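A.B. asks: Got a structure here, written out as structure tokens. Questions coming.
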Amino acid sequence: MTTTITNATGEDIVCGLGGLHAADDIVDPESVAVFHASNVVIAPGPREFVFEAVPDGDYLIHWICGENAGPGDEVWGSSPLPETAYAKAATAQPLPVTVRTETCFGSVCLPPGLGLGLGL
């Protein structure tokens, strides 16, 4: 699974993102990110994130970026931002994504969602 954050600030920023199952609640301490990247310095321009072996499913990508990695600095991102650290309202909603992988048999691949029914 690949996603991109584009830094249009003109300065380096620090970002983190995490993908949770769409049914999970990010504020629930039992929720666990299926994939994540933390404290990544992003220079101006696009920065691609590639996550390998993400299971099929529906996810919400929650993200947060800031001028620096500490409280009190300018911070923006999807809801909810960590209230205890930043006490800021969200500036965006999480990004919904669906991951569906192909099924391959040698060099022949079936599109996601298409299966073979075998009558035995």
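We label chains A, B, ... in the order they appear in the structure tokens, count residues from 1 in each chain, and number ligands from 1 in the order shown.
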Env of range 18-21 of chain A: 7 Å cut, atoms = only C-alpha atoms, seq-sep filter 4 positions within chain, self excluded. Answer as a list in words.
C.D. replies: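 Counting only C-alpha atoms, the residues come to Val32, Ala33, Val34, Phe35, His36, Ala37, Asp58, Tyr59, Leu60, Ile61, His62 and Trp63 of chain A.
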A.B. asks: Do a neighbour search on Pro44 in chain A at 7 Å with only C-alpha atoms, toss out local chain neighbours closer than 6 positions, and write the hits as a VMD selection string.
C.D. replies: chain A and resid 7 to 12
A.B. asks: Kindly save the residues from that selection, with all heavy atoms included, as an mmCIF file, in the first residue's frame.
C.D. replies:
```cif
data_model
loop_
_atom_site.group_PDB
_atom_site.id
_atom_site.type_symbol
_atom_site.label_atom_id
_atom_site.label_comp_id
_atom_site.auth_asym_id
_atom_site.auth_seq_id
_atom_site.Cartn_x
_atom_site.Cartn_y
_atom_site.Cartn_z
ATOM 1 N N ASN A 7 4.544 18.090 1.284
ATOM 2 C CA ASN A 7 4.904 19.212 2.140
ATOM 3 C C ASN A 7 4.967 20.474 1.284
ATOM 4 O O ASN A 7 5.874 20.649 0.486
ATOM 5 C CB ASN A 7 6.254 18.943 2.808
ATOM 6 C CG ASN A 7 6.754 20.113 3.612
ATOM 7 O OD1 ASN A 7 6.114 21.148 3.717
ATOM 8 N ND2 ASN A 7 7.936 19.955 4.180
ATOM 9 N N ALA A 8 3.988 21.364 1.485
ATOM 10 C CA ALA A 8 3.935 22.609 0.724
ATOM 11 C C ALA A 8 4.329 23.807 1.579
ATOM 12 O O ALA A 8 4.058 24.948 1.213
ATOM 13 C CB ALA A 8 2.535 22.805 0.153
ATOM 14 N N THR A 9 4.981 23.574 2.727
ATOM 15 C CA THR A 9 5.306 24.669 3.645
ATOM 16 C C THR A 9 6.567 25.431 3.249
ATOM 17 O O THR A 9 6.771 26.549 3.704
ATOM 18 C CB THR A 9 5.507 24.149 5.081
ATOM 19 O OG1 THR A 9 6.696 23.355 5.126
ATOM 20 C CG2 THR A 9 4.308 23.357 5.572
ATOM 21 N N GLY A 10 7.433 24.812 2.465
ATOM 22 C CA GLY A 10 8.706 25.444 2.140
ATOM 23 C C GLY A 10 9.801 25.148 3.148
ATOM 24 O O GLY A 10 10.947 25.528 2.963
ATOM 25 N N GLU A 11 9.473 24.484 4.242
ATOM 26 C CA GLU A 11 10.424 24.105 5.298
ATOM 27 C C GLU A 11 10.258 22.617 5.605
ATOM 28 O O GLU A 11 9.226 22.024 5.299
ATOM 29 C CB GLU A 11 10.148 24.905 6.574
ATOM 30 C CG GLU A 11 10.204 26.407 6.410
ATOM 31 C CD GLU A 11 11.619 26.924 6.222
ATOM 32 O OE1 GLU A 11 12.560 26.262 6.711
ATOM 33 O OE2 GLU A 11 11.778 27.971 5.584
ATOM 34 N N ASP A 12 11.260 22.023 6.250
ATOM 35 C CA ASP A 12 11.104 20.648 6.718
ATOM 36 C C ASP A 12 9.995 20.580 7.763
ATOM 37 O O ASP A 12 9.830 21.509 8.562
ATOM 38 C CB ASP A 12 12.397 20.127 7.351
ATOM 39 C CG ASP A 12 13.478 19.837 6.326
ATOM 40 O OD1 ASP A 12 13.207 19.947 5.108
ATOM 41 O OD2 ASP A 12 14.596 19.502 6.750
#
```
A.B. asks: Hey, can you check how far CA of Arg47 in chain A sits from CA of Thr2 in chain A?
C.D. replies: 10.5 Å
A.B. asks: Please identify all polymer residues within 9 Å of Val41 in chain A, counting only C-alpha atoms, omitting same-chain residues fewer than 5 positions from it, and present them as a list in words.
C.D. replies: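 Once the adjacent positions are removed, what remains is Asp12, Ile13, Val14 and Cys15 of chain A.
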A.B. asks: With distances taken over only C-alpha atoms, which residue among A:Ser78, A:Thr91, A:Thr4, A:Thr103 lies nearest Ile42 in chain A?
C.D. replies: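 Checking each of A:Ser78, A:Thr91, A:Thr4, A:Thr103 against Ile42 in chain A, counting only C-alpha atoms, the winner is A:Thr4.
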A.B. asks: As an exercise, work out the distance from CA of Gly66 in chain A to CA of Ser31 in chain A in Å and give it to one decimal place.
C.D. replies: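 Distance between the two atoms: 23.5 Å.
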A.B. asks: Measuring atom to atom with only C-alpha atoms, identify which of A:Leu95, A:Ile5, A:Cys104, A:Leu110 is nearest to Val50 in chain A.
C.D. replies: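 Result for the nearest residue to Val50 in chain A: A:Ile5.
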A.B. asks: By how many Å are CA of Trp76 in chain A and CA of Phe49 in chain A apart?
C.D. replies: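 So the two atoms, CA of Trp76 in chain A and CA of Phe49 in chain A, lie 18.5 Å apart.
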